[in-house]
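Reproduced below: target_32.tsv, with TSV, C-alpha atoms.
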```tsv
chain	number	residue	atom	x	y	z
Q	1	MET	CA	-4.76	7.53	10.67
Q	2	PRO	CA	-7.48	5.62	8.83
Q	3	LYS	CA	-6.82	5.71	5.11
Q	4	ILE	CA	-9.25	7.23	2.67
Q	5	SER	CA	-11.61	4.57	1.33
Q	6	ASN	CA	-13.63	6.35	-1.38
Q	7	ASP	CA	-12.84	7.52	-4.92
Q	8	TRP	CA	-10.02	9.79	-3.76
Q	9	MET	CA	-7.84	6.69	-3.66
Q	10	ASP	CA	-8.13	6.34	-7.45
Q	11	THR	CA	-6.33	9.66	-7.94
Q	12	ILE	CA	-4.19	10.25	-4.86
Q	13	GLY	CA	-3.78	6.73	-3.49
Q	14	GLU	CA	-0.26	6.46	-4.85
Q	15	GLU	CA	0.78	9.43	-2.70
Q	16	PHE	CA	0.66	7.20	0.38
Q	17	GLN	CA	3.52	5.08	-1.00
Q	18	LYS	CA	5.84	7.90	-2.05
Q	19	PRO	CA	9.03	8.54	-0.06
Q	20	TYR	CA	7.92	11.99	1.12
Q	21	TYR	CA	4.69	10.58	2.57
Q	22	LEU	CA	6.45	7.70	4.30
Q	23	THR	CA	8.78	10.26	5.90
Q	24	LEU	CA	5.77	12.37	6.87
Q	25	ARG	CA	4.06	9.32	8.36
Q	26	ARG	CA	7.09	8.52	10.54
Q	27	PHE	CA	7.16	12.15	11.68
Q	28	LEU	CA	3.47	12.04	12.58
Q	29	ILE	CA	3.75	8.76	14.48
Q	30	ASP	CA	6.45	10.32	16.65
Q	31	GLU	CA	4.54	13.60	17.04
Q	32	TYR	CA	1.32	11.89	18.13
Q	33	ARG	CA	3.29	9.66	20.52
Q	34	THR	CA	5.28	12.45	22.20
Q	35	LYS	CA	3.27	15.67	21.69
Q	36	LEU	CA	-0.32	16.89	21.74
Q	37	VAL	CA	-1.32	17.14	18.09
Q	38	PHE	CA	-4.56	18.22	16.40
Q	39	PRO	CA	-6.83	16.99	15.01
Q	40	ALA	CA	-7.17	13.51	16.51
Q	41	ALA	CA	-5.42	11.01	14.25
Q	42	ASP	CA	-8.75	9.44	13.26
Q	43	ASP	CA	-9.99	12.85	12.02
Q	44	ILE	CA	-7.05	13.89	9.81
Q	45	PHE	CA	-8.75	12.86	6.56
Q	46	ASN	CA	-12.33	13.82	7.42
Q	47	ALA	CA	-12.54	16.32	4.55
Q	48	PHE	CA	-11.95	13.44	2.15
Q	49	HIS	CA	-14.19	10.96	3.95
Q	50	PHE	CA	-17.12	13.40	3.89
Q	51	THR	CA	-16.63	14.79	0.36
Q	52	PRO	CA	-15.66	12.24	-2.29
Q	53	LEU	CA	-13.84	13.64	-5.32
Q	54	SER	CA	-16.81	12.94	-7.58
Q	55	LYS	CA	-19.01	15.13	-5.34
Q	56	VAL	CA	-16.71	18.17	-5.08
Q	57	LYS	CA	-18.42	21.34	-6.26
Q	58	VAL	CA	-16.41	23.89	-4.24
Q	59	LEU	CA	-12.88	23.67	-2.87
Q	60	LEU	CA	-12.44	25.97	0.12
Q	61	LEU	CA	-8.74	26.15	0.91
Q	62	GLY	CA	-7.43	26.93	4.40
Q	63	GLN	CA	-3.89	26.85	5.77
Q	64	ASP	CA	-3.53	24.53	8.78
Q	65	PRO	CA	-5.84	23.26	11.55
Q	66	TYR	CA	-6.86	25.23	14.61
Q	67	HIS	CA	-4.22	24.66	17.26
Q	68	ASN	CA	-6.27	25.11	20.43
Q	69	THR	CA	-7.71	22.17	22.35
Q	70	GLY	CA	-10.95	20.71	21.06
Q	71	GLN	CA	-11.23	22.79	17.90
Q	72	ALA	CA	-9.78	20.94	14.89
Q	73	ILE	CA	-11.96	18.24	13.30
Q	74	GLY	CA	-10.22	17.66	9.97
Q	75	MET	CA	-12.13	20.24	7.94
Q	76	SER	CA	-10.86	23.75	7.26
Q	77	PHE	CA	-12.51	26.47	9.39
Q	78	ALA	CA	-14.82	23.95	11.12
Q	79	VAL	CA	-15.06	23.20	14.86
Q	80	PRO	CA	-17.20	20.72	16.84
Q	81	LEU	CA	-20.76	21.59	17.79
Q	82	ALA	CA	-19.90	22.35	21.42
Q	83	GLN	CA	-16.99	24.68	20.62
Q	84	GLU	CA	-17.23	28.45	20.49
Q	85	ILE	CA	-17.03	29.87	16.99
Q	86	PRO	CA	-13.56	31.19	16.04
Q	87	PRO	CA	-13.32	34.75	14.68
Q	88	SER	CA	-12.55	33.79	11.06
Q	89	LEU	CA	-15.64	31.60	10.91
Q	90	VAL	CA	-17.71	34.35	12.54
Q	91	ASN	CA	-16.67	36.61	9.66
Q	92	ILE	CA	-17.45	33.90	7.11
Q	93	TYR	CA	-20.93	33.67	8.59
Q	94	LYS	CA	-21.31	37.46	8.49
Q	95	GLU	CA	-20.42	37.54	4.80
Q	96	LEU	CA	-22.74	34.63	4.12
Q	97	HIS	CA	-25.55	36.49	5.88
Q	98	ASP	CA	-24.91	39.68	3.93
Q	99	ASP	CA	-24.52	37.81	0.65
Q	100	LEU	CA	-27.32	35.24	0.75
Q	101	GLY	CA	-29.32	36.19	3.84
Q	102	CYS	CA	-28.41	33.00	5.70
Q	103	GLU	CA	-29.09	33.01	9.41
Q	104	ILE	CA	-25.91	33.13	11.49
Q	105	PRO	CA	-25.85	29.78	13.32
Q	106	GLY	CA	-24.68	29.08	16.82
Q	107	ASN	CA	-22.16	26.42	15.94
Q	108	GLY	CA	-19.17	25.92	13.70
Q	109	ASN	CA	-19.65	22.34	12.54
Q	110	LEU	CA	-19.47	22.62	8.75
Q	111	LYS	CA	-20.14	18.97	7.93
Q	112	LYS	CA	-23.29	20.02	6.09
Q	113	TRP	CA	-21.11	21.97	3.67
Q	114	ALA	CA	-18.92	18.89	3.21
Q	115	ASP	CA	-22.02	16.79	2.52
Q	116	GLU	CA	-23.17	19.42	0.01
Q	117	GLY	CA	-19.93	19.10	-1.97
Q	118	VAL	CA	-17.62	21.65	-0.34
Q	119	LEU	CA	-14.14	20.19	0.12
Q	120	LEU	CA	-12.90	21.86	3.31
Q	121	LEU	CA	-9.18	21.43	2.69
Q	122	ASN	CA	-6.20	22.78	4.57
Q	123	THR	CA	-2.78	22.88	2.89
Q	124	VAL	CA	-1.34	21.28	6.07
Q	125	LEU	CA	-3.51	18.68	7.81
Q	126	THR	CA	-2.02	18.52	11.33
Q	127	VAL	CA	-0.57	20.90	13.91
Q	128	ARG	CA	1.13	20.73	17.30
Q	129	ALA	CA	-1.01	22.10	20.12
Q	130	HIS	CA	-0.76	25.86	20.56
Q	131	GLN	CA	1.93	26.16	17.86
Q	132	ALA	CA	0.41	27.48	14.65
Q	133	TYR	CA	2.08	26.28	11.43
Q	134	SER	CA	4.26	23.82	13.42
Q	135	HIS	CA	3.74	21.01	10.89
Q	136	GLN	CA	4.50	23.09	7.80
Q	137	GLY	CA	7.32	21.83	5.63
Q	138	GLN	CA	6.97	18.20	6.74
Q	139	GLY	CA	5.36	16.92	3.55
Q	140	TRP	CA	1.69	17.79	3.86
Q	141	GLU	CA	2.03	20.51	1.22
Q	142	GLN	CA	3.10	17.96	-1.39
Q	143	PHE	CA	0.15	15.76	-0.48
Q	144	THR	CA	-2.42	18.53	-0.64
Q	145	ASP	CA	-0.92	19.87	-3.87
Q	146	ALA	CA	-1.70	16.44	-5.32
Q	147	VAL	CA	-5.27	16.86	-4.05
Q	148	ILE	CA	-5.58	20.32	-5.63
Q	149	SER	CA	-4.18	18.95	-8.90
Q	150	ALA	CA	-6.71	16.11	-8.84
Q	151	VAL	CA	-9.57	18.57	-8.47
Q	152	ASN	CA	-8.11	20.81	-11.17
Q	153	ALA	CA	-8.10	17.83	-13.55
Q	154	GLN	CA	-11.83	17.21	-13.17
Q	155	ASP	CA	-13.69	17.59	-16.46
Q	156	ARG	CA	-16.60	19.48	-14.94
Q	157	PRO	CA	-17.19	22.89	-13.36
Q	158	VAL	CA	-15.67	23.40	-9.89
Q	159	VAL	CA	-15.39	26.59	-7.81
Q	160	TYR	CA	-12.34	27.49	-5.71
Q	161	PHE	CA	-12.35	29.86	-2.74
Q	162	LEU	CA	-8.82	31.18	-2.24
Q	163	TRP	CA	-8.91	33.37	0.86
Q	164	GLY	CA	-5.63	34.95	1.90
Q	165	ARG	CA	-2.12	34.78	0.46
Q	166	PRO	CA	-1.27	31.17	1.35
Q	167	ALA	CA	-4.36	29.95	-0.50
Q	168	GLN	CA	-3.80	32.36	-3.39
Q	169	ALA	CA	-0.27	30.97	-3.79
Q	170	LYS	CA	-1.98	27.90	-5.30
Q	171	ARG	CA	-3.59	29.98	-8.06
Q	172	SER	CA	-1.00	28.97	-10.65
Q	173	MET	CA	-2.03	25.32	-10.26
Q	174	LEU	CA	-5.60	26.07	-11.32
Q	175	ASN	CA	-5.61	26.21	-15.11
Q	176	ASN	CA	-8.78	24.33	-16.01
Q	177	PRO	CA	-10.99	26.65	-18.10
Q	178	LYS	CA	-14.12	24.89	-16.89
Q	179	HIS	CA	-13.50	26.05	-13.33
Q	180	LEU	CA	-14.12	29.32	-11.47
Q	181	VAL	CA	-11.42	30.70	-9.16
Q	182	LEU	CA	-12.51	33.30	-6.60
Q	183	GLU	CA	-9.93	35.18	-4.53
Q	184	ALA	CA	-10.32	37.46	-1.50
Q	185	PRO	CA	-8.43	38.48	1.65
Q	186	HIS	CA	-8.52	36.02	4.53
Q	187	PRO	CA	-11.65	36.22	6.75
Q	188	SER	CA	-9.47	36.76	9.84
Q	189	PRO	CA	-10.37	39.92	11.81
Q	190	LEU	CA	-6.94	41.25	10.76
Q	191	SER	CA	-7.83	41.24	7.08
Q	192	ALA	CA	-11.56	40.68	6.51
Q	193	TYR	CA	-12.23	44.41	6.11
Q	194	ARG	CA	-9.72	44.60	3.24
Q	195	GLY	CA	-12.11	42.96	0.83
Q	196	PHE	CA	-13.39	39.69	2.24
Q	197	PHE	CA	-16.55	41.43	3.37
Q	198	GLY	CA	-18.53	42.13	0.23
Q	199	CYS	CA	-16.73	39.56	-1.95
Q	200	LYS	CA	-20.03	37.69	-2.48
Q	201	HIS	CA	-18.25	34.43	-3.15
Q	202	PHE	CA	-21.16	32.32	-1.93
Q	203	SER	CA	-23.68	33.76	-4.36
Q	204	ARG	CA	-21.14	33.87	-7.17
Q	205	ALA	CA	-20.37	30.20	-6.64
Q	206	ASN	CA	-24.03	29.24	-6.68
Q	207	GLU	CA	-24.72	31.32	-9.77
Q	208	PHE	CA	-21.82	29.63	-11.56
Q	209	LEU	CA	-22.95	26.15	-10.54
Q	210	ALA	CA	-26.55	26.81	-11.54
Q	211	ALA	CA	-25.46	28.26	-14.90
Q	212	ASN	CA	-23.66	24.99	-15.55
Q	213	GLY	CA	-26.61	22.80	-14.65
Q	214	ILE	CA	-25.29	21.86	-11.19
Q	215	ASP	CA	-27.37	22.08	-8.02
Q	216	PRO	CA	-26.14	25.04	-5.95
Q	217	ILE	CA	-24.83	24.68	-2.42
Q	218	ASP	CA	-27.26	25.05	0.48
Q	219	TRP	CA	-24.97	27.16	2.68
Q	220	GLN	CA	-27.31	27.42	5.69
Q	221	ILE	CA	-25.84	25.74	8.77
Q	222	GLU	CA	-28.51	24.67	11.25
Q	223	ASN	CA	-28.74	26.81	14.35
Q	224	THR	CA	-28.24	24.16	17.03
Q	225	ALA	CA	-26.45	26.10	19.80
Q	226	PRO	CA	-26.30	29.63	21.26
Q	227	PHE	CA	-24.20	32.00	19.20
Q	228	SER	CA	-20.78	32.68	20.74
Q	229	PHE	CA	-17.53	34.33	19.76
Q	230	LYS	CA	-14.03	33.06	20.49
Q	231	LYS	CA	-11.25	35.61	20.61
Q	232	ASP	CA	-8.33	33.54	19.38
Q	233	ASP	CA	-8.38	31.91	15.95
```

Here is a file; write its structure as structure tokens.
Amino acid sequence: MPKISNDWMDTIGEEFQKPYYLTLRRFLIDEYRTKLVFPAADDIFNAFHFTPLSKVKVLLLGQDPYHNTGQAIGMSFAVPLAQEIPPSLVNIYKELHDDLGCEIPGNGNLKKWADEGVLLLNTVLTVRAHQAYSHQGQGWEQFTDAVISAVNAQDRPVVYFLWGRPAQAKRSMLNNPKHLVLEAPHPSPLSAYRGFFGCKHFSRANEFLAANGIDPIDWQIENTAPFSFKKDD
């Protein structure tokens, strides 16, 4: 688990020395030694490596990593270039197309969004293979709450995408009047038709950023592979 080396350490670095994190670390060492765990240990903190705190324009909050082989890469909703696109991300792309006219790409690697300033954060950063939510309650929530608090404390406009109830449970932490909080149902096929489709969060985020003198996000993901659809999320 390579530690974060950019400006995140100035605000959350002390978390790595707290008792809860040391307990979490011992748990993870044993899990990675005895179980199949995702993402790879070197990828756990990719969201932070790719999007320094000073560059965060949008915080997109997911729950925990994909739990099927080869999917999780340390960024919420993202999968490697060669992987089929999971259903929730398919629906995100559909909304993005309807909202901003972006072409639906053939891959789910969202690193471009991370480079643009979208912090692709999950509330839990690891998971046991094929066991969704299996690393909940081990300490990750306290760590990512510290991350959310650090973003909330930024003295500049930031947009939050809270999709689904687990993400919306963090709403009470977001009390900075300079920020914009956008809520919608989760993009999962089970709930997307309840209001995720048509939420227009992408255009609303860009309008807010532009109104505050901040360059909007270029949401278009390059179309580098044939479009595909994976049935399990």

Any chance you could tabulate, as CSV, the residues of stretch 67-137 of chain Q at most 6 Å from stretch 34-55 of chain Q with each one's nearest atom pair and distance in Å to one decimal, using all atoms listed in the file, in chain and rising number order?
```
residue,atom,partner,partner_atom,distance
Q:Ala72,CA,Q:Pro39,CA,4.9
Q:Ile73,CA,Q:Pro39,CA,5.6
Q:Gly74,CA,Q:Ile44,CA,4.9
Q:Met75,CA,Q:Ala47,CA,5.2
Q:Ala114,CA,Q:Thr51,CA,5.5
Q:Gly117,CA,Q:Lys55,CA,5.3
Q:Leu119,CA,Q:Thr51,CA,6.0
Q:Leu120,CA,Q:Ala47,CA,5.7
Q:Thr126,CA,Q:Phe38,CA,5.7
Q:Val127,CA,Q:Phe38,CA,5.4
Q:Arg128,CA,Q:Val37,CA,4.4
Q:Ala129,CA,Q:Val37,CA,5.4
```

- [ ] Between Q:Gly62, Q:Pro86, Q:Pro189, Q:Gly70, single out the one closest to Q:Ala169, counting all atoms listed in the file.
- [x] Q:Gly62

Task: Who sits within 9 Å of Q:Lys178, only C-alpha atoms, same chain under 3 positions skipped, as a list in words - done: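 Neighbouring residues, sequence-local ones excluded: Gln154, Asp155, Arg156, Pro157, Val158 and Asn175 of chain Q.
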
Open item on the list: Calculated over all atoms listed in the file, which of the candidates Q:Phe202, Q:Phe16, Q:Phe197, Q:Trp140 has the smallest distance to Q:Tyr160?
Closed with: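 For Q:Tyr160, the nearest of the candidates is Q:Phe202.
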
- [ ] Would you work out the distance separating atom CA of Q:Pro65 from atom CA of Q:Ser188, expressed in Å to one decimal?
- [x] 14.1 Å

Task: Two-atom distance - atom CA of Q:Leu60, atom CA of Q:Pro19 (Å) - done: 27.7 Å

Task: Contacts of Q:Lys200 at 12 Å (all atoms listed in the file; same-chain gap of 6+ positions) as a PyMOL selection string - done: chain Q and resi 92-101+161+182-184+206-207

TODO: Have a look at Q:Gln168, Q:Gln138, Q:Ser191, Q:Gln83 and name the one nearest to Q:Gln71; count all atoms listed in the file.
DONE: Q:Gln83

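In terms of minimum interatomic distance to Q:Leu174, Q:Leu59 ranks closest within Q:Leu59, Q:Leu81, Q:Leu190, Q:Ala205, counting only C-alpha atoms.
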
Task: Minimum-distance residue to Q:Ser88, chosen among Q:Arg171, Q:His201, Q:His186, Q:His135 (using only C-alpha atoms) - done: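 Nearest to Q:Ser88: Q:His186.
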
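The residue that comes closest to Q:Gln220, out of Q:Gln131, Q:Thr123, Q:Asn109, Q:Ser172 and on the basis of only C-alpha atoms, is Q:Asn109.
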
Open item on the list: Can you measure atom CA of Q:Asn91 to atom CA of Q:Val56 for me? One decimal in Å is fine.
Closed with: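 According to the coordinates, atom CA of Q:Asn91 and atom CA of Q:Val56 are separated by 23.6 Å.
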
- [ ] Could you give me, as JSON, numbers by chain, the residues within 10 Å of Q:Lys112, counting all atoms listed in the file and dropping anything in the same chain fewer than 6 positions from it?
- [x] {"Q": [50, 118, 217, 218, 219, 220, 221, 222]}

Rebuild stretch 13-30 of chain Q so that it carries N, CA and C atoms, then output the result as an mmCIF file, keeping the file's coordinate frame.
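Saved result, selection-v3.cif, follows:
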```cif
data_model
loop_
_atom_site.group_PDB
_atom_site.id
_atom_site.type_symbol
_atom_site.label_atom_id
_atom_site.label_comp_id
_atom_site.auth_asym_id
_atom_site.auth_seq_id
_atom_site.Cartn_x
_atom_site.Cartn_y
_atom_site.Cartn_z
ATOM 1 N N GLY Q 13 -4.180 7.885 -4.283
ATOM 2 C CA GLY Q 13 -3.780 6.730 -3.490
ATOM 3 C C GLY Q 13 -2.284 6.463 -3.556
ATOM 4 N N GLU Q 14 -1.693 6.724 -4.709
ATOM 5 C CA GLU Q 14 -0.260 6.460 -4.850
ATOM 6 C C GLU Q 14 0.597 7.382 -3.981
ATOM 7 N N GLU Q 15 0.028 8.509 -3.558
ATOM 8 C CA GLU Q 15 0.780 9.430 -2.700
ATOM 9 C C GLU Q 15 1.201 8.750 -1.396
ATOM 10 N N PHE Q 16 0.375 7.841 -0.904
ATOM 11 C CA PHE Q 16 0.660 7.200 0.380
ATOM 12 C C PHE Q 16 1.882 6.286 0.335
ATOM 13 N N GLN Q 17 2.349 5.958 -0.871
ATOM 14 C CA GLN Q 17 3.520 5.080 -1.000
ATOM 15 C C GLN Q 17 4.783 5.835 -1.395
ATOM 16 N N LYS Q 18 4.682 7.120 -1.611
ATOM 17 C CA LYS Q 18 5.840 7.900 -2.050
ATOM 18 C C LYS Q 18 6.772 8.173 -0.873
ATOM 19 N N PRO Q 19 8.060 8.320 -1.150
ATOM 20 C CA PRO Q 19 9.030 8.540 -0.060
ATOM 21 C C PRO Q 19 8.684 9.713 0.843
ATOM 22 N N TYR Q 20 8.219 10.832 0.277
ATOM 23 C CA TYR Q 20 7.920 11.990 1.120
ATOM 24 C C TYR Q 20 6.820 11.671 2.109
ATOM 25 N N TYR Q 21 5.801 10.881 1.675
ATOM 26 C CA TYR Q 21 4.690 10.580 2.570
ATOM 27 C C TYR Q 21 5.127 9.586 3.650
ATOM 28 N N LEU Q 22 5.959 8.638 3.297
ATOM 29 C CA LEU Q 22 6.450 7.700 4.300
ATOM 30 C C LEU Q 22 7.272 8.418 5.359
ATOM 31 N N THR Q 23 8.039 9.430 4.931
ATOM 32 C CA THR Q 23 8.780 10.260 5.900
ATOM 33 C C THR Q 23 7.813 11.062 6.765
ATOM 34 N N LEU Q 24 6.784 11.630 6.132
ATOM 35 C CA LEU Q 24 5.770 12.370 6.870
ATOM 36 C C LEU Q 24 5.067 11.455 7.877
ATOM 37 N N ARG Q 25 4.758 10.256 7.471
ATOM 38 C CA ARG Q 25 4.060 9.320 8.360
ATOM 39 C C ARG Q 25 4.914 9.011 9.594
ATOM 40 N N ARG Q 26 6.212 8.776 9.398
ATOM 41 C CA ARG Q 26 7.090 8.520 10.540
ATOM 42 C C ARG Q 26 7.143 9.727 11.468
ATOM 43 N N PHE Q 27 7.180 10.922 10.885
ATOM 44 C CA PHE Q 27 7.160 12.150 11.680
ATOM 45 C C PHE Q 27 5.883 12.230 12.513
ATOM 46 N N LEU Q 28 4.739 11.935 11.883
ATOM 47 C CA LEU Q 28 3.470 12.040 12.580
ATOM 48 C C LEU Q 28 3.331 10.997 13.686
ATOM 49 N N ILE Q 29 3.797 9.796 13.437
ATOM 50 C CA ILE Q 29 3.750 8.760 14.480
ATOM 51 C C ILE Q 29 4.502 9.238 15.716
ATOM 52 N N ASP Q 30 5.671 9.825 15.512
ATOM 53 C CA ASP Q 30 6.450 10.320 16.650
ATOM 54 C C ASP Q 30 5.776 11.519 17.304
#
```
